[in-house]
Each structure stands twice: as C-alpha cells, then as structure tokens.
Amino acid sequence: MTFPITASRGSAVPFAPRGPSLRAALVGLLLALFALGGCSSWGKKKDENVSPEALYDRATKLVTEGSYEPAIKSYEALTARYPFSDSARQARLDLIYAYYRAHEKESAIDAADTFIRENPTHARIDYAYYMKGLVYFERSPNFLERWFKVDLSMRPPQDARKSFDAFARVASQYPNSEYAADARQRMVYLRNRLAEYEIHVADYYVRRGAYVAALDRTRYVIETYDGSPSTRRALEIMVECYRKLDLPGLAADSEKVLAANFPASEQRLKKKHWWQLSGEERGQALRGT
C-alpha cells in the first residue's frame, strides 16, 4: 500500500513503504560505499609506497609544467613522509619557488625562513635569501590601490626594507653567488625607494611647520642614502628649514654644499614663487626688469 503525497499540481509521488525493497536498497548502497572506500584506500596505499625520489621528480615535473598548486601538494607530501631524506631537503628549497609562483607570499617567506633556520650551512642557502628578497621586492598593489592609482612610494616601505636586507645578505655573505649580481642591482633600486619615502615624510613635516623633524629626516637621507637621487631634494629641504628656523649660517653652509653638488638647484632656490613676491617685485617681473 502506498500513501500519495502531492509533489506538484495534478501529480502524486508514492511514499516508499518499509519492506524488503528498502533493505535491498540499503545493502546495495553499503556495498557501493565499501567498494569506493576500498579503491580510495588502495590508491592511498599505492601512493604511500612511492619513493621520495619519485615524489620529488613528480613535483618537479609539475613545476616545469606550471602546475604549481599540485606541485606544492607533492612537495608537502614528500617532506611529511620522508622528512630526513635528501629529496625532502631539496623539496623544502623548491617549495619556496613553488609558493612564490603560486602567489602565496606568506607561505614562501615562511618556507624561506624555515629553510634558513634549519640549514644554516647548506650550499644553496644563498638561494633561500635571494627568493625571500624577491618575494618582498615584488609587492604588488591591491585592488583599491590599482583602482585609485595610489603612489606606493608614499607608503611605509616595510617590504622594501626587508627585501633590501635579504638581498644585502646575498651580496655581502655570498659575493660569488649566481644571484649576487641581480641582488646588488635590486638593492640600488630599493635604496632609492627608501630614500624617496624619507623625502615624502620630510616634505610632510615642512608643510606642517615641523622643521626640526624635517631636518632629522633630511640628515638621515644624506647620511644613509648618499648618492641617491633624493640627496638633492634633501639638501633643498635642509636649506629651507634652516631659513624658516632663522639660522642663516647653517642655511648658507647647506646651500654651499647644494651648489657644489647640484649647481642647478642654487638657481631654483633663489627663484621666488609669484606669491612670495612683493607688489613692487611683481611689477618688475611683469615688466621684465
């Protein structure tokens, strides 16, 4: 006997009764689940019997194919199953690159730090430092920064400092490394980037009338990043701040240094903006006298 329940207008769906047919269906379902579980466990056992070398070769092949997520899983499986094998040690190094290419920045940095901490005398530790610097170096703007075209040079450069420190370790401690030349070139860019940020801060202090704080920033730029393009602007701010603080002697000394190193800047400093001119000076400027 069935008990119809309405499924839709003009139709009825029979309610399944309890009886032999239901038991048969349940038995069939259990047998199917058992079979699937057996196949799954057999697949896992088969995978567990793979040697560390085979696992490493599989992961490396996936990396060369650009399949970074599956490669990461293979590397992680290798390091978990055979943590003390030579293949696992190499896999920990390769994981840094795989995370980097998969855009997993934090995982890449953690992998680099772990490798450096656990293998301080490894022959390829220069690569770990280099990759750490590269991950920090390639800090990309987020969606809002791209949308509003934010100038990243005005942001606090924590990543730039960390990148500079990692590259500096490669260049100083491993000068013969194949990555040393590229690290030095990136350091030049980062050095200029760090100096530029200090100038942004100094300009902000000048606008707020905090001339002593601005002087501290400019001195830091000149002492730490001497030779960078921001040095000229640092000297210009220094001259301006000394004048605002009514320290003509120090302003003159700074202006001499500025003129000696950047002759064009002296003329620019002497030139007044139109709003700084008196009425008579404006008239002379208009007449060309």
# chains A, B, ... in the order shown; residues from 1 in each chain; ligands from 1
$ select_by_dssp --residues "segment 60-95 of chain A" --states "helix (DSSP H, G or I)" --output "JSON, numbers by chain"
{"A": [60, 61, 62, 63, 64, 68, 69, 70, 71, 72, 73, 74, 75, 76, 77, 78, 79, 80, 81, 86, 87, 88, 89, 90, 91, 92, 93, 94, 95]}
$ write_last_selection --atoms "N, CA and C atoms" --output "compact mmCIF listing (two decimals), in the first residue's frame"
# COMPACT_ATOMS: atom_id res chain seq x y z
N THR A 60 58.64 18.14 -9.33
CA THR A 60 59.47 18.98 -10.21
C THR A 60 58.88 19.07 -11.60
N LYS A 61 58.34 17.95 -12.10
CA LYS A 61 57.70 17.94 -13.41
C LYS A 61 56.48 18.87 -13.42
N LEU A 62 55.73 18.85 -12.33
CA LEU A 62 54.56 19.73 -12.24
C LEU A 62 54.97 21.21 -12.24
N VAL A 63 56.08 21.53 -11.58
CA VAL A 63 56.57 22.90 -11.57
C VAL A 63 56.95 23.34 -12.97
N THR A 64 57.66 22.48 -13.70
CA THR A 64 58.07 22.84 -15.07
C THR A 64 56.86 23.01 -15.99
N TYR A 68 51.53 24.73 -10.29
CA TYR A 68 52.18 25.00 -9.01
C TYR A 68 51.41 24.46 -7.81
N GLU A 69 50.08 24.51 -7.84
CA GLU A 69 49.31 24.01 -6.71
C GLU A 69 49.50 22.50 -6.52
N PRO A 70 49.35 21.69 -7.59
CA PRO A 70 49.63 20.25 -7.41
C PRO A 70 51.08 19.98 -7.02
N ALA A 71 52.00 20.79 -7.54
CA ALA A 71 53.41 20.61 -7.18
C ALA A 71 53.63 20.86 -5.70
N ILE A 72 52.97 21.88 -5.17
CA ILE A 72 53.09 22.19 -3.75
C ILE A 72 52.60 21.02 -2.90
N LYS A 73 51.49 20.42 -3.30
CA LYS A 73 50.96 19.27 -2.56
C LYS A 73 51.93 18.09 -2.59
N SER A 74 52.57 17.88 -3.74
CA SER A 74 53.54 16.78 -3.84
C SER A 74 54.78 17.05 -2.99
N TYR A 75 55.26 18.29 -3.03
CA TYR A 75 56.41 18.64 -2.19
C TYR A 75 56.08 18.50 -0.71
N GLU A 76 54.89 18.96 -0.33
CA GLU A 76 54.49 18.86 1.07
C GLU A 76 54.32 17.41 1.51
N ALA A 77 53.79 16.57 0.61
CA ALA A 77 53.67 15.15 0.93
C ALA A 77 55.04 14.52 1.11
N LEU A 78 55.98 14.90 0.26
CA LEU A 78 57.34 14.37 0.36
C LEU A 78 57.99 14.75 1.67
N THR A 79 57.90 16.01 2.05
CA THR A 79 58.55 16.45 3.29
C THR A 79 57.87 15.87 4.52
N ALA A 80 56.57 15.54 4.41
CA ALA A 80 55.86 14.94 5.56
C ALA A 80 56.20 13.46 5.71
N ARG A 81 56.32 12.73 4.60
CA ARG A 81 56.54 11.27 4.67
C ARG A 81 58.00 10.90 4.86
N ASP A 86 67.28 13.21 1.47
CA ASP A 86 67.91 14.28 0.70
C ASP A 86 66.88 14.96 -0.22
N SER A 87 65.95 14.15 -0.74
CA SER A 87 64.92 14.71 -1.61
C SER A 87 64.04 15.70 -0.85
N ALA A 88 63.75 15.40 0.41
CA ALA A 88 62.92 16.29 1.22
C ALA A 88 63.64 17.60 1.48
N ARG A 89 64.94 17.54 1.73
CA ARG A 89 65.69 18.78 1.96
C ARG A 89 65.66 19.66 0.70
N GLN A 90 65.84 19.05 -0.47
CA GLN A 90 65.77 19.82 -1.71
C GLN A 90 64.35 20.31 -1.96
N ALA A 91 63.36 19.49 -1.57
CA ALA A 91 61.96 19.89 -1.77
C ALA A 91 61.62 21.13 -0.95
N ARG A 92 62.18 21.23 0.25
CA ARG A 92 61.92 22.42 1.08
C ARG A 92 62.46 23.67 0.41
N LEU A 93 63.55 23.54 -0.32
CA LEU A 93 64.10 24.67 -1.05
C LEU A 93 63.23 25.00 -2.25
N ASP A 94 62.79 23.96 -2.97
CA ASP A 94 61.97 24.18 -4.16
C ASP A 94 60.58 24.69 -3.81
N LEU A 95 60.12 24.37 -2.60
CA LEU A 95 58.82 24.85 -2.17
C LEU A 95 58.76 26.38 -2.14
$ atom_distance --atom1 "atom CA of Asp57 of chain A" --atom2 "atom CA of Phe84 of chain A"
17.0 Å
$ atom_distance --atom1 "atom CA of Ala180 of chain A" --atom2 "atom CA of Tyr129 of chain A"
10.5 Å
$ residues_around --residues "Thr224 of chain A" --least-positions-apart "5" --cutoff "12 Å" --atoms "only C-alpha atoms" --output "PDB file with N, CA and C atoms, in the first residue's frame"
ATOM      1  N   ARG A 191      67.265  51.067  -2.480  1.00  0.00           N
ATOM      2  CA  ARG A 191      67.905  52.168  -1.750  1.00  0.00           C
ATOM      3  C   ARG A 191      67.290  53.506  -2.156  1.00  0.00           C
ATOM      4  N   ASN A 192      67.098  53.694  -3.450  1.00  0.00           N
ATOM      5  CA  ASN A 192      66.475  54.925  -3.932  1.00  0.00           C
ATOM      6  C   ASN A 192      65.013  55.020  -3.477  1.00  0.00           C
ATOM      7  N   LEU A 194      63.734  53.733  -0.693  1.00  0.00           N
ATOM      8  CA  LEU A 194      63.716  54.060   0.732  1.00  0.00           C
ATOM      9  C   LEU A 194      64.032  55.536   0.965  1.00  0.00           C
ATOM     10  N   ALA A 195      64.993  56.053   0.191  1.00  0.00           N
ATOM     11  CA  ALA A 195      65.333  57.475   0.318  1.00  0.00           C
ATOM     12  C   ALA A 195      64.163  58.352  -0.112  1.00  0.00           C
ATOM     13  N   GLU A 198      61.631  58.726   2.639  1.00  0.00           N
ATOM     14  CA  GLU A 198      62.068  59.662   3.681  1.00  0.00           C
ATOM     15  C   GLU A 198      61.836  61.111   3.248  1.00  0.00           C
ATOM     16  N   ASP A 216      65.721  66.325  10.643  1.00  0.00           N
ATOM     17  CA  ASP A 216      66.180  64.994  11.051  1.00  0.00           C
ATOM     18  C   ASP A 216      66.056  64.005   9.898  1.00  0.00           C
ATOM     19  N   ARG A 217      64.959  64.079   9.160  1.00  0.00           N
ATOM     20  CA  ARG A 217      64.756  63.171   8.028  1.00  0.00           C
ATOM     21  C   ARG A 217      65.764  63.437   6.914  1.00  0.00           C
ATOM     22  N   THR A 218      66.015  64.725   6.642  1.00  0.00           N
ATOM     23  CA  THR A 218      66.952  65.029   5.559  1.00  0.00           C
ATOM     24  C   THR A 218      68.377  64.608   5.917  1.00  0.00           C
ATOM     25  N   ARG A 219      68.755  64.786   7.180  1.00  0.00           N
ATOM     26  CA  ARG A 219      70.087  64.331   7.603  1.00  0.00           C
ATOM     27  C   ARG A 219      70.215  62.824   7.440  1.00  0.00           C
ATOM     28  N   SER A 230      67.527  61.331  -4.328  1.00  0.00           N
ATOM     29  CA  SER A 230      66.826  62.127  -3.307  1.00  0.00           C
ATOM     30  C   SER A 230      67.755  63.030  -2.516  1.00  0.00           C
ATOM     31  N   THR A 231      69.058  62.881  -2.689  1.00  0.00           N
ATOM     32  CA  THR A 231      70.003  63.701  -1.932  1.00  0.00           C
ATOM     33  C   THR A 231      69.822  65.188  -2.224  1.00  0.00           C
ATOM     34  N   ALA A 234      66.865  66.507  -0.459  1.00  0.00           N
ATOM     35  CA  ALA A 234      67.146  66.558   0.981  1.00  0.00           C
ATOM     36  C   ALA A 234      67.901  67.835   1.333  1.00  0.00           C
TER      37      ALA A 234
END
$ atom_distance --atom1 "atom CA of Glu240 of chain A" --atom2 "atom CA of Tyr225 of chain A"
20.1 Å
$ closest_residue --among "A:Ala112, A:Val135, A:Ala171, A:Met238" --to "Val257 of chain A" --atoms "only C-alpha atoms"
A:Met238
$ closest_residue --among "A:Tyr127, A:Val206, A:His200, A:Arg193" --to "Phe167 of chain A" --atoms "only C-alpha atoms"
A:Tyr127
$ residues_around --residues "Lys105 of chain A" --least-positions-apart "4" --cutoff "10 Å" --atoms "only C-alpha atoms" --output "list in words"
Ile96, Tyr99, Tyr100, Arg101, Ile109, Asp110, Ala111, Lys132, Val135, Tyr136, Glu138 and Arg139 of chain A
$ write_last_selection --atoms "C-alpha atoms" --output "CSV table (one decimal), in the first residue's frame"
chain,number,residue,atom,x,y,z
A,96,ILE,CA,59.9,28.5,-1.8
A,99,TYR,CA,54.8,29.1,-3.3
A,100,TYR,CA,56.2,32.3,-5.0
A,101,ARG,CA,54.9,31.3,-8.4
A,109,ILE,CA,58.5,33.7,3.2
A,110,ASP,CA,57.8,31.1,5.9
A,111,ALA,CA,59.4,28.4,3.8
A,132,LYS,CA,63.0,35.8,0.3
A,135,VAL,CA,59.1,37.9,-2.7
A,136,TYR,CA,59.3,41.1,-0.6
A,138,GLU,CA,57.6,42.1,-5.9
A,139,ARG,CA,55.0,43.5,-3.6
$ closest_residue --among "A:Tyr204, A:Val212, A:Ala160, A:Asp126" --to "Glu178 of chain A" --atoms "only C-alpha atoms"
A:Asp126
